[in-house]
file structure26.pdb (PDB, C-alpha atoms and all ligand atoms)
MODEL        1
ATOM      1  CA  MET A   4     -44.887   4.387 -85.163
ATOM      2  CA  SER A   5     -46.256   2.099 -82.485
ATOM      3  CA  ILE A   6     -44.862  -1.284 -81.564
ATOM      4  CA  ARG A   7     -48.007  -2.835 -83.032
ATOM      5  CA  THR A   8     -47.651  -1.045 -86.368
ATOM      6  CA  ASN A   9     -43.977  -1.956 -86.520
ATOM      7  CA  ILE A  10     -44.641  -5.634 -85.874
ATOM      8  CA  GLU A  11     -47.369  -5.706 -88.502
ATOM      9  CA  HIS A  12     -45.014  -4.090 -90.997
ATOM     10  CA  ILE A  13     -42.191  -6.531 -90.266
ATOM     11  CA  ASN A  14     -44.559  -9.482 -90.552
ATOM     12  CA  LYS A  15     -45.645  -8.217 -93.950
ATOM     13  CA  LEU A  16     -42.047  -7.862 -95.175
ATOM     14  CA  LYS A  17     -41.206 -11.248 -93.642
ATOM     15  CA  ASN A  18     -44.104 -12.896 -95.506
ATOM     16  CA  GLU A  19     -43.107 -11.290 -98.794
ATOM     17  CA  ALA A  20     -39.462 -12.286 -98.437
ATOM     18  CA  ALA A  21     -40.465 -15.843 -97.534
ATOM     19  CA  GLU A  22     -42.666 -16.036-100.610
ATOM     20  CA  ARG A  23     -39.795 -14.817-102.780
ATOM     21  CA  SER A  24     -37.805 -17.778-101.471
ATOM     22  CA  GLY A  25     -40.667 -20.204-102.134
ATOM     23  CA  ARG A  26     -41.814 -20.515 -98.541
ATOM     24  CA  SER A  27     -44.580 -19.264 -96.327
ATOM     25  CA  GLY A  28     -44.054 -16.451 -93.836
ATOM     26  CA  ASP A  29     -45.243 -18.850 -91.134
ATOM     27  CA  ASP A  30     -42.056 -20.834 -91.682
ATOM     28  CA  VAL A  31     -39.967 -17.903 -90.465
ATOM     29  CA  LEU A  32     -39.958 -17.192 -86.728
ATOM     30  CA  LEU A  33     -39.719 -13.569 -85.630
ATOM     31  CA  VAL A  34     -37.704 -13.201 -82.425
ATOM     32  CA  ALA A  35     -38.132  -9.697 -80.999
ATOM     33  CA  VAL A  36     -34.810  -8.449 -79.654
ATOM     34  CA  THR A  37     -35.551  -6.589 -76.442
ATOM     35  CA  LYS A  38     -32.123  -5.546 -75.172
ATOM     36  CA  LEU A  39     -32.206  -2.104 -73.552
ATOM     37  CA  HIS A  40     -35.998  -2.122 -73.630
ATOM     38  CA  ASP A  41     -38.040  -2.453 -70.464
ATOM     39  CA  SER A  42     -40.650  -4.978 -69.440
ATOM     40  CA  ASP A  43     -43.580  -2.694 -70.352
ATOM     41  CA  GLU A  44     -42.374  -2.456 -73.949
ATOM     42  CA  ILE A  45     -41.763  -6.201 -74.036
ATOM     43  CA  ASN A  46     -45.231  -6.960 -72.685
ATOM     44  CA  GLU A  47     -46.722  -4.672 -75.305
ATOM     45  CA  ALA A  48     -44.941  -6.659 -78.014
ATOM     46  CA  ILE A  49     -46.220  -9.894 -76.488
ATOM     47  CA  ALA A  50     -49.758  -8.473 -76.543
ATOM     48  CA  CYS A  51     -49.220  -7.911 -80.276
ATOM     49  CA  GLY A  52     -48.484 -11.584 -80.850
ATOM     50  CA  ILE A  53     -44.741 -11.877 -80.211
ATOM     51  CA  THR A  54     -44.002 -15.375 -78.837
ATOM     52  CA  ASP A  55     -40.202 -15.271 -78.699
ATOM     53  CA  ILE A  56     -37.838 -12.613 -77.405
ATOM     54  CA  GLY A  57     -34.069 -12.326 -77.623
ATOM     55  CA  GLU A  58     -31.648 -10.795 -75.147
ATOM     56  CA  ASN A  59     -27.902 -10.559 -75.508
ATOM     57  CA  LYS A  60     -27.011 -10.183 -71.821
ATOM     58  CA  VAL A  61     -27.660 -12.602 -68.983
ATOM     59  CA  GLN A  62     -28.172  -9.780 -66.517
ATOM     60  CA  GLU A  63     -30.926  -8.208 -68.595
ATOM     61  CA  ILE A  64     -32.798 -11.514 -68.668
ATOM     62  CA  LEU A  65     -32.534 -11.784 -64.891
ATOM     63  CA  ASN A  66     -33.686  -8.190 -64.360
ATOM     64  CA  LYS A  67     -36.771  -8.535 -66.541
ATOM     65  CA  TYR A  68     -37.680 -12.185 -66.211
ATOM     66  CA  ASP A  69     -40.316 -11.876 -63.471
ATOM     67  CA  LYS A  70     -41.916  -8.779 -64.997
ATOM     68  CA  VAL A  71     -42.463 -10.194 -68.453
ATOM     69  CA  GLU A  72     -45.503 -12.261 -69.460
ATOM     70  CA  PRO A  73     -44.882 -15.921 -70.363
ATOM     71  CA  VAL A  74     -42.800 -16.027 -73.555
ATOM     72  CA  ARG A  75     -39.871 -17.998 -74.967
ATOM     73  CA  TRP A  76     -36.550 -16.339 -74.100
ATOM     74  CA  HIS A  77     -33.543 -16.663 -76.410
ATOM     75  CA  LEU A  78     -29.991 -15.852 -75.380
ATOM     76  CA  ILE A  79     -28.508 -14.394 -78.556
ATOM     77  CA  GLY A  80     -25.346 -12.658 -77.323
ATOM     78  CA  HIS A  81     -21.945 -13.905 -76.281
ATOM     79  CA  LEU A  82     -22.259 -16.090 -73.189
ATOM     80  CA  GLN A  83     -19.555 -16.428 -70.549
ATOM     81  CA  THR A  84     -19.317 -19.880 -69.032
ATOM     82  CA  ASN A  85     -19.625 -18.560 -65.473
ATOM     83  CA  LYS A  86     -23.088 -17.162 -66.287
ATOM     84  CA  VAL A  87     -24.661 -20.265 -67.804
ATOM     85  CA  LYS A  88     -26.011 -21.334 -64.425
ATOM     86  CA  TYR A  89     -28.189 -18.225 -64.131
ATOM     87  CA  ILE A  90     -30.148 -18.789 -67.326
ATOM     88  CA  ILE A  91     -30.204 -22.549 -67.777
ATOM     89  CA  ASP A  92     -33.757 -22.778 -66.411
ATOM     90  CA  LYS A  93     -34.964 -19.593 -68.121
ATOM     91  CA  VAL A  94     -34.118 -19.672 -71.811
ATOM     92  CA  ALA A  95     -35.577 -21.845 -74.559
ATOM     93  CA  MET A  96     -32.481 -21.687 -76.749
ATOM     94  CA  ILE A  97     -28.917 -20.366 -76.687
ATOM     95  CA  HIS A  98     -27.920 -19.016 -80.121
ATOM     96  CA  SER A  99     -24.317 -18.155 -79.440
ATOM     97  CA  VAL A 100     -22.398 -21.361 -78.768
ATOM     98  CA  ASP A 101     -18.947 -20.991 -80.264
ATOM     99  CA  SER A 102     -16.738 -23.324 -78.224
ATOM    100  CA  LEU A 103     -16.746 -26.843 -76.835
ATOM    101  CA  HIS A 104     -15.822 -25.325 -73.486
ATOM    102  CA  LEU A 105     -19.095 -23.371 -73.403
ATOM    103  CA  ALA A 106     -21.124 -26.332 -74.674
ATOM    104  CA  LYS A 107     -19.700 -28.503 -71.874
ATOM    105  CA  GLU A 108     -20.707 -25.976 -69.242
ATOM    106  CA  ILE A 109     -24.225 -25.796 -70.716
ATOM    107  CA  ASP A 110     -24.301 -29.598 -70.668
ATOM    108  CA  LYS A 111     -23.261 -29.732 -67.026
ATOM    109  CA  ARG A 112     -25.840 -27.178 -65.891
ATOM    110  CA  ALA A 113     -28.575 -28.747 -68.024
ATOM    111  CA  ALA A 114     -27.867 -32.105 -66.376
ATOM    112  CA  GLN A 115     -28.166 -30.519 -62.928
ATOM    113  CA  HIS A 116     -31.586 -29.149 -63.864
ATOM    114  CA  GLY A 117     -32.722 -32.330 -65.585
ATOM    115  CA  VAL A 118     -33.223 -30.578 -68.922
ATOM    116  CA  THR A 119     -31.867 -30.807 -72.425
ATOM    117  CA  MET A 120     -30.815 -27.380 -73.683
ATOM    118  CA  ASP A 121     -31.388 -26.372 -77.268
ATOM    119  CA  ILE A 122     -28.450 -24.541 -78.792
ATOM    120  CA  LEU A 123     -27.337 -23.042 -82.072
ATOM    121  CA  ILE A 124     -23.744 -22.824 -83.177
ATOM    122  CA  GLN A 125     -22.659 -19.300 -84.033
ATOM    123  CA  VAL A 126     -20.850 -19.130 -87.341
ATOM    124  CA  ASN A 127     -18.877 -16.038 -88.277
ATOM    125  CA  SER A 128     -18.939 -16.652 -91.994
ATOM    126  CA  ALA A 129     -17.371 -13.308 -92.880
ATOM    127  CA  GLU A 130     -14.575 -14.095 -90.386
ATOM    128  CA  GLU A 131     -14.805 -10.626 -88.879
ATOM    129  CA  GLU A 132     -12.339 -10.100 -86.050
ATOM    130  CA  SER A 133     -14.870  -8.110 -84.080
ATOM    131  CA  LYS A 134     -17.429 -10.889 -83.968
ATOM    132  CA  PHE A 135     -17.718 -14.099 -82.026
ATOM    133  CA  GLY A 136     -18.347 -17.412 -83.732
ATOM    134  CA  ILE A 137     -16.413 -20.149 -85.437
ATOM    135  CA  THR A 138     -15.543 -20.292 -89.116
ATOM    136  CA  VAL A 139     -17.650 -22.229 -91.584
ATOM    137  CA  ASP A 140     -14.834 -24.776 -91.912
ATOM    138  CA  GLU A 141     -14.814 -25.436 -88.179
ATOM    139  CA  THR A 142     -18.545 -26.160 -87.992
ATOM    140  CA  GLU A 143     -18.485 -29.881 -88.699
ATOM    141  CA  GLN A 144     -15.772 -30.601 -86.138
ATOM    142  CA  MET A 145     -17.562 -28.490 -83.531
ATOM    143  CA  ILE A 146     -20.786 -30.394 -84.080
ATOM    144  CA  HIS A 147     -19.030 -33.738 -83.671
ATOM    145  CA  ASP A 148     -17.204 -32.561 -80.552
ATOM    146  CA  ILE A 149     -20.449 -31.399 -78.956
ATOM    147  CA  LEU A 150     -22.302 -34.597 -79.869
ATOM    148  CA  ASP A 151     -19.458 -36.659 -78.388
ATOM    149  CA  ASN A 152     -19.250 -34.695 -75.144
ATOM    150  CA  CYS A 153     -22.581 -33.072 -74.325
ATOM    151  CA  PRO A 154     -25.490 -35.520 -73.915
ATOM    152  CA  ASN A 155     -27.736 -32.845 -72.367
ATOM    153  CA  VAL A 156     -27.377 -30.451 -75.256
ATOM    154  CA  ARG A 157     -29.400 -30.617 -78.448
ATOM    155  CA  ILE A 158     -28.009 -28.867 -81.507
ATOM    156  CA  ARG A 159     -30.890 -27.210 -83.340
ATOM    157  CA  GLY A 160     -29.042 -25.315 -86.040
ATOM    158  CA  LEU A 161     -26.782 -22.395 -86.817
ATOM    159  CA  MET A 162     -26.724 -18.687 -86.115
ATOM    160  CA  CYS A 163     -24.915 -15.954 -88.010
ATOM    161  CA  ILE A 164     -24.475 -12.196 -87.677
ATOM    162  CA  ALA A 165     -23.493 -10.782 -91.056
ATOM    163  CA  PRO A 166     -21.311  -7.704 -91.397
ATOM    164  CA  TYR A 167     -23.283  -4.468 -91.507
ATOM    165  CA  GLU A 168     -23.606  -3.362 -95.127
ATOM    166  CA  ASP A 169     -25.228  -0.150 -96.364
ATOM    167  CA  ASP A 170     -26.715  -2.293 -99.091
ATOM    168  CA  PRO A 171     -27.868  -5.472 -97.332
ATOM    169  CA  GLU A 172     -27.641  -7.359-100.631
ATOM    170  CA  ASP A 173     -23.883  -7.295-100.029
ATOM    171  CA  ALA A 174     -24.396  -9.462 -96.942
ATOM    172  CA  LYS A 175     -26.226 -12.167 -98.855
ATOM    173  CA  VAL A 176     -23.115 -14.205 -99.690
ATOM    174  CA  TYR A 177     -22.392 -14.646 -95.990
ATOM    175  CA  PHE A 178     -25.927 -15.851 -95.335
ATOM    176  CA  GLU A 179     -25.814 -18.192 -98.302
ATOM    177  CA  GLU A 180     -22.608 -19.753 -97.084
ATOM    178  CA  VAL A 181     -24.139 -20.550 -93.700
ATOM    179  CA  LYS A 182     -27.295 -21.885 -95.365
ATOM    180  CA  LYS A 183     -25.167 -24.271 -97.418
ATOM    181  CA  GLN A 184     -23.512 -25.512 -94.238
ATOM    182  CA  PHE A 185     -26.921 -25.792 -92.516
ATOM    183  CA  ASP A 186     -28.277 -28.020 -95.285
ATOM    184  CA  GLN A 187     -25.453 -30.508 -94.787
ATOM    185  CA  PHE A 188     -26.706 -31.353 -91.306
ATOM    186  CA  ALA A 189     -30.436 -30.974 -91.836
ATOM    187  CA  ASP A 190     -31.094 -34.658 -92.568
ATOM    188  CA  ILE A 191     -28.744 -36.282 -90.081
ATOM    189  CA  GLU A 192     -30.500 -38.486 -87.539
ATOM    190  CA  HIS A 193     -29.095 -38.246 -84.051
ATOM    191  CA  PRO A 194     -30.889 -37.887 -80.715
ATOM    192  CA  ASN A 195     -28.907 -34.740 -79.929
ATOM    193  CA  LEU A 196     -28.934 -33.207 -83.373
ATOM    194  CA  ASP A 197     -32.180 -31.916 -84.793
ATOM    195  CA  PHE A 198     -31.473 -29.120 -87.221
ATOM    196  CA  LYS A 199     -34.457 -26.869 -87.437
ATOM    197  CA  TYR A 200     -33.350 -23.250 -86.967
ATOM    198  CA  LEU A 201     -31.206 -21.072 -89.143
ATOM    199  CA  SER A 202     -30.996 -17.842 -87.145
ATOM    200  CA  MET A 203     -29.961 -15.066 -89.532
ATOM    201  CA  GLY A 204     -31.140 -11.546 -90.172
ATOM    202  CA  MET A 205     -31.570  -8.365 -88.130
ATOM    203  CA  THR A 206     -33.296  -5.031 -88.754
ATOM    204  CA  ASN A 207     -30.949  -4.046 -91.553
ATOM    205  CA  ASP A 208     -30.798  -7.330 -93.413
ATOM    206  CA  PHE A 209     -33.629  -9.691 -92.447
ATOM    207  CA  GLU A 210     -35.293  -9.689 -95.858
ATOM    208  CA  VAL A 211     -32.063 -10.657 -97.589
ATOM    209  CA  ALA A 212     -31.405 -13.266 -94.890
ATOM    210  CA  ILE A 213     -34.830 -14.834 -95.468
ATOM    211  CA  GLU A 214     -34.207 -14.891 -99.205
ATOM    212  CA  ALA A 215     -30.982 -16.766 -98.456
ATOM    213  CA  GLY A 216     -32.849 -19.346 -96.375
ATOM    214  CA  SER A 217     -33.112 -18.008 -92.827
ATOM    215  CA  ASN A 218     -36.084 -19.296 -90.835
ATOM    216  CA  LEU A 219     -35.498 -17.290 -87.660
ATOM    217  CA  ILE A 220     -34.919 -13.542 -87.680
ATOM    218  CA  ARG A 221     -33.796 -11.484 -84.684
ATOM    219  CA  VAL A 222     -35.219  -7.990 -84.982
ATOM    220  CA  GLY A 223     -34.931  -5.202 -82.412
ATOM    221  CA  THR A 224     -34.697  -1.669 -83.791
ATOM    222  CA  ALA A 225     -37.433  -2.084 -86.398
ATOM    223  CA  ILE A 226     -39.856  -3.083 -83.618
ATOM    224  CA  PHE A 227     -38.846  -0.897 -80.675
ATOM    225  CA  GLY A 228     -36.959   1.988 -82.278
ATOM    226  CA  ASN A 229     -33.375   2.985 -81.591
ATOM    227  CA  ARG A 230     -31.775   1.699 -78.432
ATOM    228  CA  ASP A 231     -30.644   4.127 -75.767
ATOM    229  CA  TYR A 232     -27.212   2.847 -74.837
ATOM    230  CA  SER A 233     -27.006   5.167 -71.840
ATOM    231  CA  ARG A 234     -29.832   3.205 -70.302
ATOM    232  CA  LYS A 235     -28.590   0.789 -67.669
ATOM    233  CA  MET A 236     -30.668  -2.354 -67.965
ATOM    234  CA  GLY A 237     -28.199  -4.837 -66.683
ATOM    235  CA  GLU A 238     -24.988  -3.990 -64.927
TER     236      GLU A 238
HETATM  237  C1  LIG B 301     -29.058  -6.479 -81.042
HETATM  238  C2  LIG B 301     -29.051  -7.769 -81.758
HETATM  239  C3  LIG B 301     -29.978  -8.044 -82.790
HETATM  240  C4  LIG B 301     -31.027  -7.055 -83.262
HETATM  241  O1  LIG B 301     -30.450  -5.968 -83.885
HETATM  242  P1  LIG B 301     -31.348  -4.848 -84.626
HETATM  243  O2  LIG B 301     -30.432  -4.274 -85.622
HETATM  244  O3  LIG B 301     -31.756  -3.873 -83.570
HETATM  245  O4  LIG B 301     -32.510  -5.522 -85.216
HETATM  246  C5  LIG B 301     -29.921  -9.284 -83.406
HETATM  247  N1  LIG B 301     -29.010 -10.218 -83.041
HETATM  248  C6  LIG B 301     -28.119  -9.990 -82.060
HETATM  249  C7  LIG B 301     -27.142 -11.059 -81.727
HETATM  250  C8  LIG B 301     -28.103  -8.766 -81.384
HETATM  251  O5  LIG B 301     -27.206  -8.567 -80.409
ENDMDL
END
call {"tool": "encode", "arguments": {"input": "structure26.pdb", "output": "structure tokens"}}
result
Amino acid sequence: MSIRTNIEHINKLKNEAAERSGRSGDDVLLVAVTKLHDSDEINEAIACGITDIGENKVQEILNKYDKVEPVRWHLIGHLQTNKVKYIIDKVAMIHSVDSLHLAKEIDKRAAQHGVTMDILIQVNSAEEESKFGITVDETEQMIHDILDNCPNVRIRGLMCIAPYEDDPEDAKVYFEEVKKQFDQFADIEHPNLDFKYLSMGMTNDFEVAIEAGSNLIRVGTAIFGNRDYSRKMGE
């Protein structure tokens, strides 16, 4: 299967899932996750209409940045505070904010560059030990802390990685819980809070995530095939 065929297939499934949840497929943004894939593959995806790409490592963004056609970059993986400075002028949105400490560093670097950085708060609704993110109950406090302390950060929504389930339907409850939390902030008016993105759903579970209300899916394997973890894209 080619990258083009894969993207067309995902767009079709995305449209169908959106319609099942009473929305249009255009309301759901497909972010192509390009970790461990090279700039040629990424540029091919861009030629097929991809407008947004996601990377989980700062170093991979830096290695590929100049070789990739203009596109919106998303940092979707865990971000160490000491690396914020390298990507602050490169990414459109950081999906993985899970501490005030990190938000403050993003705020500081954004101020230095004269930008406002869009972020999502990562919620670990299944409370898996192995995953980053705050609990659903901590979300409200985190949002208030960031609004009180980070004038150069704009909170655009929430992000969640559900546990891997053989039957993705089993992950739906975790998505629904985050959607419920998302809706509580959707109508709040604040210059630094503009809830628009609910980033949920990967190759295994994006249809279920859309049914639960996701409007941004992060899909890698279904577009580019299996990742080769022996490949060194960013040490
Ligand atoms: C790798 C990754 C994805 C994409 O995973 P696939 O299963 O390949 O679609 C999505 N989100 C995050 C945070 C990732 O690290």
call {"tool": "closest_atom_pairs", "arguments": {"input": "structure26.pdb", "of": "segment 47-140 of chain A", "to": "segment 229-235 of chain A", "cutoff": "12 Å", "atoms": "all atoms listed in the file", "output": "Markdown table"}}
result
| residue | atom | partner | partner_atom | distance |
| --- | --- | --- | --- | --- |
| A:Lys60 | CA | A:Lys235 | CA | 11.8 |
| A:Gln62 | CA | A:Lys235 | CA | 10.6 |
| A:Glu63 | CA | A:Lys235 | CA | 9.3 |
| A:Asn66 | CA | A:Lys235 | CA | 10.8 |
call {"tool": "atom_distance", "arguments": {"input": "structure26.pdb", "atom1": "atom CA of Asn85 of chain A", "atom2": "atom CA of Leu39 of chain A"}}
result
22.2 Å
call {"tool": "resolve_selection", "arguments": {"input": "structure26.pdb", "expression": "the PyMOL selection byres (((not hetatm)) within 6 of (chain B and resi 301))", "output": "mmCIF file with C-alpha atoms, in the frame of the given file"}}
result
data_model
loop_
_atom_site.group_PDB
_atom_site.id
_atom_site.type_symbol
_atom_site.label_atom_id
_atom_site.label_comp_id
_atom_site.auth_asym_id
_atom_site.auth_seq_id
_atom_site.Cartn_x
_atom_site.Cartn_y
_atom_site.Cartn_z
ATOM 1 C CA VAL A 36 -34.810 -8.449 -79.654
ATOM 2 C CA ASN A 59 -27.902 -10.559 -75.508
ATOM 3 C CA ILE A 79 -28.508 -14.394 -78.556
ATOM 4 C CA GLY A 80 -25.346 -12.658 -77.323
ATOM 5 C CA MET A 205 -31.570 -8.365 -88.130
ATOM 6 C CA THR A 206 -33.296 -5.031 -88.754
ATOM 7 C CA ASN A 207 -30.949 -4.046 -91.553
ATOM 8 C CA ARG A 221 -33.796 -11.484 -84.684
ATOM 9 C CA VAL A 222 -35.219 -7.990 -84.982
ATOM 10 C CA GLY A 223 -34.931 -5.202 -82.412
ATOM 11 C CA THR A 224 -34.697 -1.669 -83.791
#
call {"tool": "closest_residue", "arguments": {"input": "structure26.pdb", "among": "A:Gln125, A:Asn46, A:Ser27, A:Thr119", "to": "Leu82 of chain A", "atoms": "only C-alpha atoms"}}
result
A:Gln125
call {"tool": "atom_distance", "arguments": {"input": "structure26.pdb", "atom1": "atom CA of Pro194 of chain A", "atom2": "atom CA of Thr84 of chain A"}}
result
24.4 Å
call {"tool": "resolve_selection", "arguments": {"input": "structure26.pdb", "expression": "the PyMOL selection byres (((chain A and resi 178-193) around 7) and not hetatm)", "output": "count of residues only"}}
result
14
call {"tool": "closest_residue", "arguments": {"input": "structure26.pdb", "among": "A:Val211, A:Met236, A:Ile124, A:Leu78", "to": "Ala165 of chain A", "atoms": "only C-alpha atoms"}}
result
A:Val211
call {"tool": "axis_aligned_box", "arguments": {"input": "structure26.pdb", "around": "segment 26-44 of chain A", "padding_each_side": "3 Å", "output": "AutoDock Vina command-line options"}}
result
--center_x -38.7 --center_y -11.5 --center_z -84.0 --size_x 19.1 --size_y 24.7 --size_z 35.1
call {"tool": "atom_distance", "arguments": {"input": "structure26.pdb", "atom1": "atom CA of Gly136 of chain A", "atom2": "atom CA of Leu201 of chain A"}}
result
14.4 Å
call {"tool": "residues_around", "arguments": {"input": "structure26.pdb", "residues": "segment 5-14 of chain A", "least_positions_apart": "3", "cutoff": "8 Å", "atoms": "all atoms listed in the file", "output": "list in words"}}
result
Lys17, Asn18, Gly28, Glu47, Ala48, Cys51, Ala225, Ile226 and Phe227 of chain A
call {"tool": "closest_residue", "arguments": {"input": "structure26.pdb", "among": "A:Ile49, A:Met145, A:Ala35, A:Ile56", "to": "Glu72 of chain A", "atoms": "all atoms listed in the file"}}
result
A:Ile49
call {"tool": "resolve_selection", "arguments": {"input": "structure26.pdb", "expression": "the PyMOL selection byres (((chain A and resi 42) around 8) and not hetatm)", "output": "MDAnalysis selection string"}}
result
chainID A and resid 40:41 43:46 67 70:71
call {"tool": "closest_residue", "arguments": {"input": "structure26.pdb", "among": "A:Trp76, A:Lys107, A:Val31, A:Ile64", "to": "Tyr89 of chain A", "atoms": "only C-alpha atoms"}}
result
A:Ile64
call {"tool": "decode", "arguments": {"input": "structure26.pdb", "residues": "segment 21-37 of chain A", "atoms": "N, CA and C atoms", "output": "compact mmCIF listing (two decimals), in the first residue's frame"}}
result
# COMPACT_ATOMS: atom_id res chain seq x y z
N ALA A 21 -16.82 10.33 11.71
CA ALA A 21 -17.35 11.66 12.05
C ALA A 21 -18.85 11.70 11.80
N GLU A 22 -19.27 11.12 10.69
CA GLU A 22 -20.71 11.12 10.39
C GLU A 22 -21.49 10.32 11.42
N ARG A 23 -20.91 9.23 11.90
CA ARG A 23 -21.58 8.45 12.95
C ARG A 23 -21.75 9.28 14.22
N SER A 24 -20.85 10.26 14.43
CA SER A 24 -20.98 11.09 15.62
C SER A 24 -21.65 12.43 15.28
N GLY A 25 -22.32 12.48 14.13
CA GLY A 25 -23.10 13.67 13.78
C GLY A 25 -22.27 14.85 13.33
N ARG A 26 -21.07 14.60 12.85
CA ARG A 26 -20.22 15.69 12.39
C ARG A 26 -19.74 15.41 10.97
N SER A 27 -19.00 16.36 10.44
CA SER A 27 -18.41 16.18 9.13
C SER A 27 -16.95 15.78 9.31
N GLY A 28 -16.44 14.98 8.38
CA GLY A 28 -15.04 14.59 8.44
C GLY A 28 -14.10 15.78 8.42
N ASP A 29 -14.55 16.89 7.83
CA ASP A 29 -13.71 18.09 7.78
C ASP A 29 -13.49 18.68 9.16
N ASP A 30 -14.33 18.30 10.11
CA ASP A 30 -14.18 18.82 11.47
C ASP A 30 -13.11 18.06 12.26
N VAL A 31 -12.56 17.02 11.66
CA VAL A 31 -11.55 16.22 12.36
C VAL A 31 -10.22 16.35 11.62
N LEU A 32 -9.23 16.88 12.32
CA LEU A 32 -7.91 17.11 11.71
C LEU A 32 -7.05 15.84 11.81
N LEU A 33 -6.50 15.44 10.67
CA LEU A 33 -5.58 14.31 10.65
C LEU A 33 -4.15 14.83 10.78
N VAL A 34 -3.50 14.48 11.88
CA VAL A 34 -2.08 14.79 12.06
C VAL A 34 -1.30 13.51 11.76
N ALA A 35 -0.44 13.56 10.75
CA ALA A 35 0.35 12.39 10.37
C ALA A 35 1.56 12.30 11.30
N VAL A 36 1.68 11.18 11.99
CA VAL A 36 2.78 11.02 12.95
C VAL A 36 3.98 10.41 12.22
N THR A 37 5.06 11.17 12.18
CA THR A 37 6.18 10.87 11.28
C THR A 37 7.43 10.39 12.01
